[in-house]
Amino acid sequence: MRKAIFVEFCLLILCSSLLIGIATAGEPGYTLMEAYQTNAVTVDGKWTSGAEWSDAYILPMVGTTKDANGIWAYKMVMGDTYLMSFLIESPDNTNDASDLWTICIDGANDGGSAPNSNDVKIEIAGHTTLRMYAGNGTGWSLIANKATTWKDSLANSTYNSANHYVLEVQADKGALGEWGANPPPHGLFVSMYDASNASKGTVAWPPTSANTPGRWGVITTYDAAVPEGFTIAFVAVLSTIAMIGALALRKSKTSTYFFRSR
């Protein structure tokens, strides 16, 4: 009986580790998958090669077509640290002090009507200044830069042959908050504002507000067999323990049957 419970416990842990990231919230219809990098990112504000972002999850900023109206992309760089890597392309080609890029992350994916302590906002203003914020329960509080690098420049790309602003951002997930060691789901909001086209307003994915985490999109899952925080070795150990336990249980039952039948 004890061995049976032990085996069930091991299998429960194993299955639970592989199912992390299923629960979701957020704005209906706005979800994406966390792609893992196969092509290296150079944070230089352009497609360093035609393949640099081809391995990312790429979405249109507006509508359903990836085109010159703007796109954005996300992937995770796996290494000594987990780097959340973003690409945003705007049709804008003017340099205005009020231009603004925004990326918001809800590490716990707990939504809410206002940013809380596990929500982070990254802003790049006027193509010159990085600002970072943490939620305080009612809004945002300015914080120091937490291992985030960025660069934007005028360039062309696969999605827009004209010169336009391209932004690349990398943030060390582990430095963004206590949730940094956890795999998805995470809430996510991305927006851009072109001051030379103020009548268009802020263009955002999803088309909601940076101040309402409950209506952000969601990174629902990942495209790898083993989730973040669980190495292949760790999962292999769990599998081995479960298998050994199952064999031990089977052997015990066989022995018991053998002696009872004599």
# chains A, B, ... in the order shown; residues from 1 in each chain; ligands from 1
$ residues_around --residues "Leu188 in chain A" --least-positions-apart "5" --cutoff "12 Å" --atoms "only C-alpha atoms" --output "MDAnalysis selection string"
chainID A and resid 24:27 30:34 73:74 84 86 102:111 119:122 204:220
$ residues_around --residues "Arg131 in chain A" --least-positions-apart "4" --cutoff "8 Å" --atoms "only C-alpha atoms" --output "list in words"
Ile122, Glu123, Ile124, Ala125, Leu142, Ile143, Ala144 and Asn145 of chain A
$ write_last_selection --atoms "N, CA and C atoms" --output "mmCIF file, in the first residue's frame"
data_model
loop_
_atom_site.group_PDB
_atom_site.id
_atom_site.type_symbol
_atom_site.label_atom_id
_atom_site.label_comp_id
_atom_site.auth_asym_id
_atom_site.auth_seq_id
_atom_site.Cartn_x
_atom_site.Cartn_y
_atom_site.Cartn_z
ATOM 1 N N ILE A 122 7.882 48.268 -18.779
ATOM 2 C CA ILE A 122 9.095 48.786 -19.415
ATOM 3 C C ILE A 122 8.663 49.834 -20.430
ATOM 4 N N GLU A 123 9.183 51.037 -20.314
ATOM 5 C CA GLU A 123 8.883 52.109 -21.261
ATOM 6 C C GLU A 123 10.169 52.613 -21.898
ATOM 7 N N ILE A 124 10.087 52.921 -23.202
ATOM 8 C CA ILE A 124 11.191 53.579 -23.886
ATOM 9 C C ILE A 124 10.616 54.824 -24.536
ATOM 10 N N ALA A 125 11.052 55.972 -24.048
ATOM 11 C CA ALA A 125 10.477 57.250 -24.458
ATOM 12 C C ALA A 125 11.426 58.021 -25.360
ATOM 13 N N LEU A 142 7.966 54.129 -10.143
ATOM 14 C CA LEU A 142 9.230 54.083 -10.869
ATOM 15 C C LEU A 142 10.261 53.277 -10.091
ATOM 16 N N ILE A 143 10.992 52.398 -10.781
ATOM 17 C CA ILE A 143 12.041 51.594 -10.150
ATOM 18 C C ILE A 143 13.315 51.697 -10.988
ATOM 19 N N ALA A 144 14.410 51.189 -10.445
ATOM 20 C CA ALA A 144 15.673 51.176 -11.185
ATOM 21 C C ALA A 144 15.611 50.133 -12.301
ATOM 22 N N ASN A 145 16.432 50.332 -13.310
ATOM 23 C CA ASN A 145 16.519 49.369 -14.406
ATOM 24 C C ASN A 145 16.918 48.000 -13.858
#
$ residues_around --residues "Lys173 in chain A" --least-positions-apart "2" --cutoff "7 Å" --atoms "only C-alpha atoms" --output "VMD selection string"
chain A and resid 82 to 84 171 175 to 176 180
$ write_last_selection --atoms "N, CA and C atoms" --output "PDB file, in the first residue's frame"
ATOM      1  N   TYR A  82      17.389  33.441 -18.120  1.00  0.00           N
ATOM      2  CA  TYR A  82      16.278  33.429 -19.055  1.00  0.00           C
ATOM      3  C   TYR A  82      16.060  34.863 -19.528  1.00  0.00           C
ATOM      4  N   LEU A  83      16.259  35.108 -20.817  1.00  0.00           N
ATOM      5  CA  LEU A  83      16.097  36.449 -21.362  1.00  0.00           C
ATOM      6  C   LEU A  83      14.806  36.539 -22.154  1.00  0.00           C
ATOM      7  N   MET A  84      13.876  37.343 -21.660  1.00  0.00           N
ATOM      8  CA  MET A  84      12.653  37.608 -22.405  1.00  0.00           C
ATOM      9  C   MET A  84      13.021  38.581 -23.519  1.00  0.00           C
ATOM     10  N   ALA A 171      15.096  41.396 -21.495  1.00  0.00           N
ATOM     11  CA  ALA A 171      14.980  41.572 -20.051  1.00  0.00           C
ATOM     12  C   ALA A 171      15.298  40.258 -19.363  1.00  0.00           C
ATOM     13  N   ALA A 175      15.470  38.760 -12.929  1.00  0.00           N
ATOM     14  CA  ALA A 175      15.662  40.032 -12.229  1.00  0.00           C
ATOM     15  C   ALA A 175      14.370  40.842 -12.131  1.00  0.00           C
ATOM     16  N   LEU A 176      13.328  40.441 -12.847  1.00  0.00           N
ATOM     17  CA  LEU A 176      12.110  41.244 -12.896  1.00  0.00           C
ATOM     18  C   LEU A 176      11.234  41.084 -11.664  1.00  0.00           C
ATOM     19  N   GLY A 180      10.197  35.358 -11.451  1.00  0.00           N
ATOM     20  CA  GLY A 180      11.099  35.153 -12.580  1.00  0.00           C
ATOM     21  C   GLY A 180      11.550  33.727 -12.801  1.00  0.00           C
TER      22      GLY A 180
END
$ closest_residue --among "A:His186, A:Lys75, A:Lys200, A:Lys146" --to "Leu87 in chain A" --atoms "only C-alpha atoms"
A:Lys75
$ closest_residue --among "A:Gln170, A:Asn156, A:Thr64, A:Ser49" --to "Asp92 in chain A" --atoms "only C-alpha atoms"
A:Asn156
$ closest_residue --among "A:Ser85, A:Ser141, A:Asn39, A:Ser54" --to "Leu167 in chain A" --atoms "only C-alpha atoms"
A:Ser85
$ closest_residue --among "A:Tyr36, A:Gly135, A:Trp101, A:Ala195" --to "Ser113 in chain A" --atoms "only C-alpha atoms"
A:Gly135
$ closest_residue --among "A:Pro91, A:Gly174, A:Pro185, A:Gly126" --to "Ala147 in chain A" --atoms "only C-alpha atoms"
A:Gly174
$ select_by_dssp --residues "range 21-262 of chain A" --states "strand (DSSP E or B)" --output "count of residues only"
90
